[in-house]
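Participant: So that you have it, the file is entry_21.pdb, and it contains PDB, C-alpha atoms:
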MODEL        1
ATOM      1  CA  MET A   1     193.119  90.289 139.364
ATOM      2  CA  ILE A   2     195.891  87.888 138.489
ATOM      3  CA  ALA A   3     198.518  90.593 138.889
ATOM      4  CA  TRP A   4     197.031  91.670 142.224
ATOM      5  CA  SER A   5     197.067  88.112 143.540
ATOM      6  CA  ALA A   6     200.695  87.662 142.551
ATOM      7  CA  PHE A   7     201.617  90.854 144.375
ATOM      8  CA  SER A   8     199.817  89.679 147.500
ATOM      9  CA  VAL A   9     201.778  86.466 147.575
ATOM     10  CA  THR A  10     205.047  88.382 147.228
ATOM     11  CA  ASP A  11     204.007  90.804 149.948
ATOM     12  CA  ALA A  12     203.074  88.011 152.355
ATOM     13  CA  LYS A  13     206.510  86.455 151.882
ATOM     14  CA  ALA A  14     208.276  89.662 152.915
ATOM     15  CA  ASP A  15     207.828  89.213 156.678
ATOM     16  CA  ASP A  16     208.574  85.843 158.294
ATOM     17  CA  ALA A  17     208.578  83.856 155.084
ATOM     18  CA  LYS A  18     210.964  80.952 154.738
ATOM     19  CA  PRO A  19     213.522  81.646 151.968
ATOM     20  CA  ASP A  20     213.286  79.440 148.888
ATOM     21  CA  ALA A  21     216.829  78.136 149.385
ATOM     22  CA  MET A  22     218.851  77.542 152.537
ATOM     23  CA  PRO A  23     221.053  80.562 153.251
ATOM     24  CA  THR A  24     224.771  79.756 153.202
ATOM     25  CA  ALA A  25     225.123  80.925 156.801
ATOM     26  CA  ALA A  26     222.703  78.227 157.963
ATOM     27  CA  SER A  27     224.927  75.379 156.759
ATOM     28  CA  GLN A  28     227.075  75.510 159.896
ATOM     29  CA  CYS A  29     223.989  74.910 162.082
ATOM     30  CA  LEU A  30     223.139  71.543 160.586
ATOM     31  CA  SER A  31     225.705  69.280 162.248
ATOM     32  CA  CYS A  32     224.141  69.859 165.675
ATOM     33  CA  HIS A  33     220.611  71.083 164.894
ATOM     34  CA  GLY A  34     219.905  68.569 162.122
ATOM     35  CA  THR A  35     219.604  69.023 158.404
ATOM     36  CA  ASN A  36     216.098  70.436 158.731
ATOM     37  CA  GLY A  37     216.454  71.993 162.201
ATOM     38  CA  ASN A  38     215.242  68.840 163.963
ATOM     39  CA  PRO A  39     218.271  67.517 165.865
ATOM     40  CA  ALA A  40     219.191  63.982 166.812
ATOM     41  CA  LEU A  41     220.999  65.252 169.935
ATOM     42  CA  LYS A  42     218.638  65.399 172.924
ATOM     43  CA  ASP A  43     220.111  68.528 174.498
ATOM     44  CA  VAL A  44     220.023  70.613 171.327
ATOM     45  CA  PRO A  45     216.900  72.662 170.634
ATOM     46  CA  ILE A  46     214.622  72.021 167.698
ATOM     47  CA  LEU A  47     214.820  75.070 165.428
ATOM     48  CA  LEU A  48     212.270  73.848 162.887
ATOM     49  CA  GLY A  49     209.107  75.906 163.287
ATOM     50  CA  GLN A  50     210.435  78.033 166.153
ATOM     51  CA  GLN A  51     209.438  81.707 166.052
ATOM     52  CA  PRO A  52     211.916  83.642 163.858
ATOM     53  CA  LEU A  53     212.059  86.671 166.158
ATOM     54  CA  TYR A  54     212.930  84.437 169.105
ATOM     55  CA  LEU A  55     215.635  82.703 167.038
ATOM     56  CA  GLU A  56     217.084  86.088 166.027
ATOM     57  CA  ASN A  57     217.177  87.236 169.644
ATOM     58  CA  ALA A  58     218.737  83.960 170.790
ATOM     59  CA  ILE A  59     221.517  84.153 168.184
ATOM     60  CA  ARG A  60     222.244  87.752 169.223
ATOM     61  CA  ALA A  61     222.293  86.707 172.889
ATOM     62  CA  TYR A  62     224.978  84.131 172.068
ATOM     63  CA  GLN A  63     226.915  86.698 170.000
ATOM     64  CA  GLU A  64     226.875  89.167 172.866
ATOM     65  CA  GLY A  65     227.810  86.652 175.565
ATOM     66  CA  ARG A  66     224.429  86.873 177.276
ATOM     67  CA  ARG A  67     224.117  83.069 177.286
ATOM     68  CA  THR A  68     226.838  81.103 179.028
ATOM     69  CA  GLY A  69     227.419  77.530 180.151
ATOM     70  CA  GLY A  70     226.317  74.356 178.413
ATOM     71  CA  GLN A  71     226.721  74.637 174.653
ATOM     72  CA  ALA A  72     227.034  78.439 174.783
ATOM     73  CA  LEU A  73     230.783  78.388 174.104
ATOM     74  CA  VAL A  74     230.140  76.400 170.933
ATOM     75  CA  MET A  75     227.331  78.729 169.928
ATOM     76  CA  HIS A  76     229.445  81.800 170.591
ATOM     77  CA  GLU A  77     232.107  80.548 168.174
ATOM     78  CA  ILE A  78     229.569  79.551 165.538
ATOM     79  CA  VAL A  79     227.645  82.835 165.495
ATOM     80  CA  LYS A  80     230.315  85.398 166.326
ATOM     81  CA  ASP A  81     230.822  86.631 162.744
ATOM     82  CA  LEU A  82     227.226  86.483 161.532
ATOM     83  CA  SER A  83     225.841  89.724 160.105
ATOM     84  CA  ASP A  84     222.336  90.988 160.818
ATOM     85  CA  VAL A  85     221.347  89.775 157.354
ATOM     86  CA  ASP A  86     222.763  86.306 158.095
ATOM     87  CA  ILE A  87     220.941  86.143 161.429
ATOM     88  CA  LYS A  88     217.604  87.063 159.905
ATOM     89  CA  ALA A  89     218.129  84.598 157.058
ATOM     90  CA  ILE A  90     218.930  81.755 159.460
ATOM     91  CA  ALA A  91     215.958  82.612 161.682
ATOM     92  CA  THR A  92     213.483  82.644 158.822
ATOM     93  CA  TRP A  93     215.005  79.556 157.200
ATOM     94  CA  PHE A  94     214.434  77.405 160.258
ATOM     95  CA  GLY A  95     211.434  79.163 161.760
ATOM     96  CA  GLY A  96     209.726  80.987 158.921
ATOM     97  CA  THR A  97     206.311  80.082 157.660
ATOM     98  CA  GLN A  98     206.073  78.433 154.264
TER      99      GLN A  98
ATOM    100  CA  MET B   1     201.675  38.472 176.718
ATOM    101  CA  ILE B   2     199.001  40.962 177.699
ATOM    102  CA  ALA B   3     200.753  41.680 180.980
ATOM    103  CA  TRP B   4     204.073  42.107 179.179
ATOM    104  CA  SER B   5     202.548  44.554 176.699
ATOM    105  CA  ALA B   6     201.055  46.631 179.483
ATOM    106  CA  PHE B   7     204.416  46.790 181.206
ATOM    107  CA  SER B   8     206.076  47.920 178.004
ATOM    108  CA  VAL B   9     203.647  50.825 177.651
ATOM    109  CA  THR B  10     204.258  51.898 181.251
ATOM    110  CA  ASP B  11     207.988  51.612 180.749
ATOM    111  CA  ALA B  12     207.870  53.728 177.598
ATOM    112  CA  LYS B  13     206.078  56.502 179.497
ATOM    113  CA  ALA B  14     208.768  56.683 182.163
ATOM    114  CA  ASP B  15     211.283  58.623 180.083
ATOM    115  CA  ASP B  16     210.137  61.687 178.147
ATOM    116  CA  ALA B  17     206.431  60.956 178.376
ATOM    117  CA  LYS B  18     204.036  63.867 178.709
ATOM    118  CA  PRO B  19     202.231  63.715 182.080
ATOM    119  CA  ASP B  20     198.499  63.030 181.944
ATOM    120  CA  ALA B  21     197.689  66.342 183.669
ATOM    121  CA  MET B  22     199.454  69.693 183.581
ATOM    122  CA  PRO B  23     201.808  69.991 186.560
ATOM    123  CA  THR B  24     200.933  72.872 188.895
ATOM    124  CA  ALA B  25     204.341  74.438 188.346
ATOM    125  CA  ALA B  26     203.593  74.846 184.624
ATOM    126  CA  SER B  27     200.624  77.136 185.222
ATOM    127  CA  GLN B  28     202.865  80.182 185.625
ATOM    128  CA  CYS B  29     204.341  79.610 182.140
ATOM    129  CA  LEU B  30     201.062  79.971 180.294
ATOM    130  CA  SER B  31     200.570  83.743 180.313
ATOM    131  CA  CYS B  32     203.621  84.246 178.086
ATOM    132  CA  HIS B  33     204.160  80.852 176.448
ATOM    133  CA  GLY B  34     200.479  80.188 175.673
ATOM    134  CA  THR B  35     198.054  77.740 177.195
ATOM    135  CA  ASN B  36     199.548  74.856 175.237
ATOM    136  CA  GLY B  37     203.111  76.176 174.944
ATOM    137  CA  ASN B  38     202.418  77.924 171.638
ATOM    138  CA  PRO B  39     202.698  81.643 172.407
ATOM    139  CA  ALA B  40     200.966  84.599 170.791
ATOM    140  CA  LEU B  41     203.972  86.834 171.569
ATOM    141  CA  LYS B  42     206.475  86.781 168.699
ATOM    142  CA  ASP B  43     209.607  87.022 170.845
ATOM    143  CA  VAL B  44     208.654  84.176 173.172
ATOM    144  CA  PRO B  45     209.759  80.660 172.246
ATOM    145  CA  ILE B  46     207.357  77.883 171.385
ATOM    146  CA  LEU B  47     207.696  75.214 174.088
ATOM    147  CA  LEU B  48     205.219  72.772 172.574
ATOM    148  CA  GLY B  49     207.153  69.823 171.192
ATOM    149  CA  GLN B  50     210.588  71.154 172.157
ATOM    150  CA  GLN B  51     213.039  68.559 173.442
ATOM    151  CA  PRO B  52     212.512  68.032 177.204
ATOM    152  CA  LEU B  53     216.208  67.813 178.029
ATOM    153  CA  TYR B  54     216.827  71.126 176.268
ATOM    154  CA  LEU B  55     213.921  72.712 178.172
ATOM    155  CA  GLU B  56     215.303  71.394 181.477
ATOM    156  CA  ASN B  57     218.740  72.806 180.724
ATOM    157  CA  ALA B  58     217.278  76.144 179.645
ATOM    158  CA  ILE B  59     215.238  76.500 182.861
ATOM    159  CA  ARG B  60     218.336  75.699 184.914
ATOM    160  CA  ALA B  61     220.358  78.241 182.910
ATOM    161  CA  TYR B  62     217.810  80.919 183.847
ATOM    162  CA  GLN B  63     217.828  79.787 187.499
ATOM    163  CA  GLU B  64     221.602  80.023 187.646
ATOM    164  CA  GLY B  65     221.844  83.394 185.895
ATOM    165  CA  ARG B  66     223.535  81.940 182.818
ATOM    166  CA  ARG B  67     221.042  83.688 180.529
ATOM    167  CA  THR B  68     220.779  87.467 180.783
ATOM    168  CA  GLY B  69     219.179  90.295 178.831
ATOM    169  CA  GLY B  70     215.864  90.249 177.010
ATOM    170  CA  GLN B  71     213.227  88.369 178.982
ATOM    171  CA  ALA B  72     215.842  86.680 181.192
ATOM    172  CA  LEU B  73     214.986  88.848 184.223
ATOM    173  CA  VAL B  74     211.369  87.728 183.957
ATOM    174  CA  MET B  75     212.406  84.113 183.537
ATOM    175  CA  HIS B  76     214.775  84.294 186.494
ATOM    176  CA  GLU B  77     211.934  85.403 188.768
ATOM    177  CA  ILE B  78     209.531  82.813 187.402
ATOM    178  CA  VAL B  79     211.849  79.820 187.757
ATOM    179  CA  LYS B  80     213.951  80.734 190.792
ATOM    180  CA  ASP B  81     212.055  78.516 193.259
ATOM    181  CA  LEU B  82     211.382  75.526 191.009
ATOM    182  CA  SER B  83     212.598  72.164 192.298
ATOM    183  CA  ASP B  84     214.261  69.563 190.101
ATOM    184  CA  VAL B  85     210.967  67.665 190.104
ATOM    185  CA  ASP B  86     209.082  70.793 188.982
ATOM    186  CA  ILE B  87     211.598  71.454 186.204
ATOM    187  CA  LYS B  88     211.370  67.928 184.840
ATOM    188  CA  ALA B  89     207.569  68.022 185.041
ATOM    189  CA  ILE B  90     207.397  71.316 183.139
ATOM    190  CA  ALA B  91     209.858  70.092 180.511
ATOM    191  CA  THR B  92     207.970  66.885 179.840
ATOM    192  CA  TRP B  93     204.574  68.612 179.952
ATOM    193  CA  PHE B  94     205.464  70.989 177.139
ATOM    194  CA  GLY B  95     207.985  68.886 175.270
ATOM    195  CA  GLY B  96     207.250  65.278 176.135
ATOM    196  CA  THR B  97     206.022  62.784 173.639
ATOM    197  CA  GLN B  98     202.449  61.603 173.937
TER     198      GLN B  98
ENDMDL
END
Translate this file's structure into structure tokens.
Facilitator:
Amino acid sequence: MIAWSAFSVTDAKADDAKPDAMPTAASQCLSCHGTNGNPALKDVPILLGQQPLYLENAIRAYQEGRRTGGQALVMHEIVKDLSDVDIKAIATWFGGTQ
Amino acid sequence: MIAWSAFSVTDAKADDAKPDAMPTAASQCLSCHGTNGNPALKDVPILLGQQPLYLENAIRAYQEGRRTGGQALVMHEIVKDLSDVDIKAIATWFGGTQ
């Protein structure tokens, strides 16, 4: 039973689980979005607790130039070289369930 | 002092305060974003507690065609006729502090 329980915990973490440590790629987000995804700037969205799939899609939209105006030029520069793995890691770091 | 305190409370509500009742314009948001701004759909952003100024800017970006792809076509239709007053009311309803 102990082994089964341990497996269940591991399995539950496989989906939207927050990583144990901040992914390196997320470090560049902190100056605007706050150290925990809760920004001081009023026009910057809170990432903390946001749905990971939405965050993934939003990052890809910035990468692909589907969001323009406002801070989109900044975002485009920040996210342009992120890999799919980076994007998913960032999304689950800020939005994943603990 | 009592009168001064009451004024202070009123004054504090004038900025990002959540309205006492849901603005009519917000009713069309609920089917996707959830009755309280916390959606069941995984690719739809949580609005509950998001920063009002960010929400305002995001609605205007959809109105002005500065967000495309994904659900942007839906959003464009939903928000195209909103007034500035509607936009601010929606933003503070979902994101305003109580």
Participant: For the file shown, what are the residues hit by the PyMOL selection byres ((chain A) within 8 of (chain B)), laid out as a short mmCIF file (atom, residue, chain, number, x, y, z; two decimals) with C-alpha atoms, keeping the file's coordinate frame?
Facilitator:
data_model
loop_
_atom_site.label_atom_id
_atom_site.label_comp_id
_atom_site.auth_asym_id
_atom_site.auth_seq_id
_atom_site.Cartn_x
_atom_site.Cartn_y
_atom_site.Cartn_z
CA LYS A 42 218.64 65.40 172.92
CA ASP A 43 220.11 68.53 174.50
CA VAL A 44 220.02 70.61 171.33
CA PRO A 45 216.90 72.66 170.63
CA ILE A 46 214.62 72.02 167.70
CA GLN A 50 210.44 78.03 166.15
CA GLN A 51 209.44 81.71 166.05
CA PRO A 52 211.92 83.64 163.86
CA LEU A 53 212.06 86.67 166.16
CA TYR A 54 212.93 84.44 169.10
CA ASN A 57 217.18 87.24 169.64
CA ALA A 61 222.29 86.71 172.89
CA ARG A 66 224.43 86.87 177.28
CA ARG A 67 224.12 83.07 177.29
CA THR A 68 226.84 81.10 179.03
CA GLY A 69 227.42 77.53 180.15
#
Participant: Can you pull out the residues contacting Ser83 of chain A? Cut-off 12 Å, using only C-alpha atoms, and skip same-chain residues under 2 positions away; I want them as JSON, numbers by chain.
Facilitator: {"A": [25, 56, 59, 60, 63, 79, 80, 81, 85, 86, 87, 88, 89, 90]}
Participant: Over every C-alpha pair, in sequence order, do a least-squares fit of chain A onto chain B and save the fitted chain as a PDB file with C-alpha atoms, keeping the file's coordinate frame.
Facilitator:
ATOM      1  CA  MET A   1     200.928  38.740 176.640  1.00  0.00           C
ATOM      2  CA  ILE A   2     198.408  41.316 177.748  1.00  0.00           C
ATOM      3  CA  ALA A   3     200.273  41.914 180.994  1.00  0.00           C
ATOM      4  CA  TRP A   4     203.585  42.215 179.141  1.00  0.00           C
ATOM      5  CA  SER A   5     202.153  44.762 176.722  1.00  0.00           C
ATOM      6  CA  ALA A   6     200.781  46.857 179.563  1.00  0.00           C
ATOM      7  CA  PHE A   7     204.180  46.859 181.240  1.00  0.00           C
ATOM      8  CA  SER A   8     205.852  47.974 178.023  1.00  0.00           C
ATOM      9  CA  VAL A   9     203.559  50.944 177.712  1.00  0.00           C
ATOM     10  CA  THR A  10     204.285  51.958 181.307  1.00  0.00           C
ATOM     11  CA  ASP A  11     208.009  51.537 180.757  1.00  0.00           C
ATOM     12  CA  ALA A  12     207.983  53.652 177.597  1.00  0.00           C
ATOM     13  CA  LYS A  13     206.264  56.463 179.492  1.00  0.00           C
ATOM     14  CA  ALA A  14     209.013  56.583 182.119  1.00  0.00           C
ATOM     15  CA  ASP A  15     211.513  58.581 180.041  1.00  0.00           C
ATOM     16  CA  ASP A  16     210.360  61.670 178.129  1.00  0.00           C
ATOM     17  CA  ALA A  17     206.668  60.913 178.343  1.00  0.00           C
ATOM     18  CA  LYS A  18     204.234  63.778 178.682  1.00  0.00           C
ATOM     19  CA  PRO A  19     202.427  63.605 182.059  1.00  0.00           C
ATOM     20  CA  ASP A  20     198.705  62.870 181.924  1.00  0.00           C
ATOM     21  CA  ALA A  21     197.857  66.158 183.647  1.00  0.00           C
ATOM     22  CA  MET A  22     199.578  69.536 183.565  1.00  0.00           C
ATOM     23  CA  PRO A  23     201.926  69.865 186.542  1.00  0.00           C
ATOM     24  CA  THR A  24     200.996  72.717 188.881  1.00  0.00           C
ATOM     25  CA  ALA A  25     204.390  74.338 188.335  1.00  0.00           C
ATOM     26  CA  ALA A  26     203.655  74.733 184.622  1.00  0.00           C
ATOM     27  CA  SER A  27     200.645  76.990 185.214  1.00  0.00           C
ATOM     28  CA  GLN A  28     202.831  80.076 185.623  1.00  0.00           C
ATOM     29  CA  CYS A  29     204.323  79.530 182.139  1.00  0.00           C
ATOM     30  CA  LEU A  30     201.040  79.846 180.290  1.00  0.00           C
ATOM     31  CA  SER A  31     200.493  83.610 180.306  1.00  0.00           C
ATOM     32  CA  CYS A  32     203.545  84.161 178.090  1.00  0.00           C
ATOM     33  CA  HIS A  33     204.129  80.766 176.447  1.00  0.00           C
ATOM     34  CA  GLY A  34     200.471  80.044 175.674  1.00  0.00           C
ATOM     35  CA  THR A  35     198.077  77.571 177.182  1.00  0.00           C
ATOM     36  CA  ASN A  36     199.600  74.705 175.216  1.00  0.00           C
ATOM     37  CA  GLY A  37     203.160  76.062 174.933  1.00  0.00           C
ATOM     38  CA  ASN A  38     202.445  77.820 171.630  1.00  0.00           C
ATOM     39  CA  PRO A  39     202.663  81.548 172.400  1.00  0.00           C
ATOM     40  CA  ALA A  40     200.892  84.468 170.796  1.00  0.00           C
ATOM     41  CA  LEU A  41     203.866  86.745 171.573  1.00  0.00           C
ATOM     42  CA  LYS A  42     206.381  86.744 168.709  1.00  0.00           C
ATOM     43  CA  ASP A  43     209.502  87.006 170.860  1.00  0.00           C
ATOM     44  CA  VAL A  44     208.588  84.150 173.187  1.00  0.00           C
ATOM     45  CA  PRO A  45     209.754  80.656 172.255  1.00  0.00           C
ATOM     46  CA  ILE A  46     207.384  77.852 171.395  1.00  0.00           C
ATOM     47  CA  LEU A  47     207.752  75.193 174.094  1.00  0.00           C
ATOM     48  CA  LEU A  48     205.307  72.719 172.560  1.00  0.00           C
ATOM     49  CA  GLY A  49     207.285  69.796 171.167  1.00  0.00           C
ATOM     50  CA  GLN A  50     210.693  71.178 172.154  1.00  0.00           C
ATOM     51  CA  GLN A  51     213.186  68.602 173.438  1.00  0.00           C
ATOM     52  CA  PRO A  52     212.644  68.064 177.195  1.00  0.00           C
ATOM     53  CA  LEU A  53     216.356  67.892 178.017  1.00  0.00           C
ATOM     54  CA  TYR A  54     216.932  71.221 176.279  1.00  0.00           C
ATOM     55  CA  LEU A  55     213.993  72.760 178.174  1.00  0.00           C
ATOM     56  CA  GLU A  56     215.393  71.455 181.478  1.00  0.00           C
ATOM     57  CA  ASN A  57     218.810  72.925 180.721  1.00  0.00           C
ATOM     58  CA  ALA A  58     217.298  76.249 179.651  1.00  0.00           C
ATOM     59  CA  ILE A  59     215.253  76.566 182.857  1.00  0.00           C
ATOM     60  CA  ARG A  60     218.369  75.801 184.923  1.00  0.00           C
ATOM     61  CA  ALA A  61     220.350  78.377 182.930  1.00  0.00           C
ATOM     62  CA  TYR A  62     217.760  81.014 183.858  1.00  0.00           C
ATOM     63  CA  GLN A  63     217.788  79.866 187.505  1.00  0.00           C
ATOM     64  CA  GLU A  64     221.556  80.166 187.662  1.00  0.00           C
ATOM     65  CA  GLY A  65     221.754  83.544 185.920  1.00  0.00           C
ATOM     66  CA  ARG A  66     223.478  82.125 182.850  1.00  0.00           C
ATOM     67  CA  ARG A  67     220.955  83.847 180.562  1.00  0.00           C
ATOM     68  CA  THR A  68     220.652  87.608 180.821  1.00  0.00           C
ATOM     69  CA  GLY A  69     219.016  90.419 178.875  1.00  0.00           C
ATOM     70  CA  GLY A  70     215.709  90.336 177.040  1.00  0.00           C
ATOM     71  CA  GLN A  71     213.102  88.396 178.993  1.00  0.00           C
ATOM     72  CA  ALA A  72     215.727  86.752 181.225  1.00  0.00           C
ATOM     73  CA  LEU A  73     214.840  88.897 184.247  1.00  0.00           C
ATOM     74  CA  VAL A  74     211.236  87.732 183.964  1.00  0.00           C
ATOM     75  CA  MET A  75     212.332  84.134 183.541  1.00  0.00           C
ATOM     76  CA  HIS A  76     214.686  84.350 186.500  1.00  0.00           C
ATOM     77  CA  GLU A  77     211.818  85.424 188.763  1.00  0.00           C
ATOM     78  CA  ILE A  78     209.454  82.792 187.397  1.00  0.00           C
ATOM     79  CA  VAL A  79     211.814  79.828 187.761  1.00  0.00           C
ATOM     80  CA  LYS A  80     213.896  80.764 190.791  1.00  0.00           C
ATOM     81  CA  ASP A  81     212.050  78.508 193.263  1.00  0.00           C
ATOM     82  CA  LEU A  82     211.402  75.526 191.003  1.00  0.00           C
ATOM     83  CA  SER A  83     212.667  72.182 192.296  1.00  0.00           C
ATOM     84  CA  ASP A  84     214.373  69.604 190.095  1.00  0.00           C
ATOM     85  CA  VAL A  85     211.109  67.656 190.092  1.00  0.00           C
ATOM     86  CA  ASP A  86     209.184  70.759 188.973  1.00  0.00           C
ATOM     87  CA  ILE A  87     211.692  71.463 186.203  1.00  0.00           C
ATOM     88  CA  LYS A  88     211.509  67.942 184.836  1.00  0.00           C
ATOM     89  CA  ALA A  89     207.712  67.972 185.032  1.00  0.00           C
ATOM     90  CA  ILE A  90     207.485  71.263 183.131  1.00  0.00           C
ATOM     91  CA  ALA A  91     209.972  70.076 180.504  1.00  0.00           C
ATOM     92  CA  THR A  92     208.130  66.842 179.830  1.00  0.00           C
ATOM     93  CA  TRP A  93     204.718  68.524 179.939  1.00  0.00           C
ATOM     94  CA  PHE A  94     205.568  70.913 177.133  1.00  0.00           C
ATOM     95  CA  GLY A  95     208.136  68.856 175.259  1.00  0.00           C
ATOM     96  CA  GLY A  96     207.443  65.237 176.112  1.00  0.00           C
ATOM     97  CA  THR A  97     206.232  62.731 173.597  1.00  0.00           C
ATOM     98  CA  GLN A  98     202.653  61.540 173.887  1.00  0.00           C
TER      99      GLN A  98
END
Participant: Grab the atom CA of Glu77 of chain A to atom CA of Asp16 of chain A distance for me, in Å with one decimal place.
Facilitator: 26.1 Å
Participant: Name the residues in contact with Ser27 of chain B at a cut-off of 12 Å, using all atoms listed in the file, excluding same-chain residues fewer than 3 positions from it; report them as a ChimeraX atom specification.
Facilitator: /B:21-24,30-37,78-79,86,89-90,93-94
Participant: To one decimal in Å, tell me the separation between atom CA of Met75 of chain A and atom CA of Pro19 of chain A.
Facilitator: 22.8 Å
Participant: Give me the box for segment 64-70 of chain A as JSON, namely the centre and edge lengths in Å to one decimal of a box along x, y and z that holds every listed atom plus 8 Å on each side.
Facilitator:
{"center_x": 226.0, "center_y": 81.8, "center_z": 176.5, "size_x": 19.7, "size_y": 30.8, "size_z": 23.3}
Participant: What is the distance between atom CA of Ala17 of chain B and atom CA of Gly96 of chain A, in Å to one decimal?
Facilitator: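 Distance reported for this atom pair: 28.1 Å.
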Participant: Some atoms are absent from segment 68-82 of chain B, so rebuild N, CA, C and O atoms and return them as a PDB file, in the coordinates of the input.
Facilitator:
ATOM      1  N   THR B  68     221.075  86.100 180.356  1.00  0.00           N
ATOM      2  CA  THR B  68     220.779  87.467 180.783  1.00  0.00           C
ATOM      3  C   THR B  68     220.242  88.258 179.590  1.00  0.00           C
ATOM      4  O   THR B  68     220.319  87.815 178.451  1.00  0.00           O
ATOM      5  N   GLY B  69     219.723  89.436 179.885  1.00  0.00           N
ATOM      6  CA  GLY B  69     219.179  90.295 178.831  1.00  0.00           C
ATOM      7  C   GLY B  69     217.819  89.816 178.380  1.00  0.00           C
ATOM      8  O   GLY B  69     217.349  88.740 178.768  1.00  0.00           O
ATOM      9  N   GLY B  70     217.175  90.616 177.550  1.00  0.00           N
ATOM     10  CA  GLY B  70     215.864  90.249 177.010  1.00  0.00           C
ATOM     11  C   GLY B  70     214.879  89.918 178.120  1.00  0.00           C
ATOM     12  O   GLY B  70     214.738  90.661 179.097  1.00  0.00           O
ATOM     13  N   GLN B  71     214.226  88.788 177.990  1.00  0.00           N
ATOM     14  CA  GLN B  71     213.227  88.369 178.982  1.00  0.00           C
ATOM     15  C   GLN B  71     213.854  87.560 180.121  1.00  0.00           C
ATOM     16  O   GLN B  71     213.126  86.979 180.942  1.00  0.00           O
ATOM     17  N   ALA B  72     215.190  87.545 180.198  1.00  0.00           N
ATOM     18  CA  ALA B  72     215.842  86.680 181.192  1.00  0.00           C
ATOM     19  C   ALA B  72     215.516  87.101 182.628  1.00  0.00           C
ATOM     20  O   ALA B  72     215.406  86.242 183.512  1.00  0.00           O
ATOM     21  N   LEU B  73     215.340  88.405 182.870  1.00  0.00           N
ATOM     22  CA  LEU B  73     214.986  88.848 184.223  1.00  0.00           C
ATOM     23  C   LEU B  73     213.626  88.294 184.630  1.00  0.00           C
ATOM     24  O   LEU B  73     213.433  87.883 185.773  1.00  0.00           O
ATOM     25  N   VAL B  74     212.696  88.307 183.692  1.00  0.00           N
ATOM     26  CA  VAL B  74     211.369  87.728 183.957  1.00  0.00           C
ATOM     27  C   VAL B  74     211.519  86.237 184.244  1.00  0.00           C
ATOM     28  O   VAL B  74     211.011  85.718 185.241  1.00  0.00           O
ATOM     29  N   MET B  75     212.238  85.558 183.372  1.00  0.00           N
ATOM     30  CA  MET B  75     212.406  84.113 183.537  1.00  0.00           C
ATOM     31  C   MET B  75     213.096  83.775 184.862  1.00  0.00           C
ATOM     32  O   MET B  75     212.727  82.808 185.532  1.00  0.00           O
ATOM     33  N   HIS B  76     214.072  84.562 185.235  1.00  0.00           N
ATOM     34  CA  HIS B  76     214.775  84.294 186.494  1.00  0.00           C
ATOM     35  C   HIS B  76     213.793  84.316 187.673  1.00  0.00           C
ATOM     36  O   HIS B  76     213.835  83.432 188.541  1.00  0.00           O
ATOM     37  N   GLU B  77     212.923  85.312 187.684  1.00  0.00           N
ATOM     38  CA  GLU B  77     211.934  85.403 188.768  1.00  0.00           C
ATOM     39  C   GLU B  77     210.969  84.225 188.755  1.00  0.00           C
ATOM     40  O   GLU B  77     210.628  83.662 189.791  1.00  0.00           O
ATOM     41  N   ILE B  78     210.539  83.872 187.544  1.00  0.00           N
ATOM     42  CA  ILE B  78     209.531  82.813 187.402  1.00  0.00           C
ATOM     43  C   ILE B  78     210.079  81.459 187.861  1.00  0.00           C
ATOM     44  O   ILE B  78     209.382  80.671 188.505  1.00  0.00           O
ATOM     45  N   VAL B  79     211.326  81.182 187.545  1.00  0.00           N
ATOM     46  CA  VAL B  79     211.849  79.820 187.757  1.00  0.00           C
ATOM     47  C   VAL B  79     212.705  79.675 189.012  1.00  0.00           C
ATOM     48  O   VAL B  79     213.129  78.564 189.338  1.00  0.00           O
ATOM     49  N   LYS B  80     212.929  80.780 189.727  1.00  0.00           N
ATOM     50  CA  LYS B  80     213.951  80.734 190.792  1.00  0.00           C
ATOM     51  C   LYS B  80     213.654  79.711 191.886  1.00  0.00           C
ATOM     52  O   LYS B  80     214.589  79.168 192.473  1.00  0.00           O
ATOM     53  N   ASP B  81     212.385  79.442 192.170  1.00  0.00           N
ATOM     54  CA  ASP B  81     212.055  78.516 193.259  1.00  0.00           C
ATOM     55  C   ASP B  81     211.641  77.126 192.781  1.00  0.00           C
ATOM     56  O   ASP B  81     211.181  76.303 193.584  1.00  0.00           O
ATOM     57  N   LEU B  82     211.779  76.849 191.503  1.00  0.00           N
ATOM     58  CA  LEU B  82     211.382  75.526 191.009  1.00  0.00           C
ATOM     59  C   LEU B  82     212.347  74.448 191.497  1.00  0.00           C
ATOM     60  O   LEU B  82     213.564  74.633 191.470  1.00  0.00           O
TER      61      LEU B  82
END
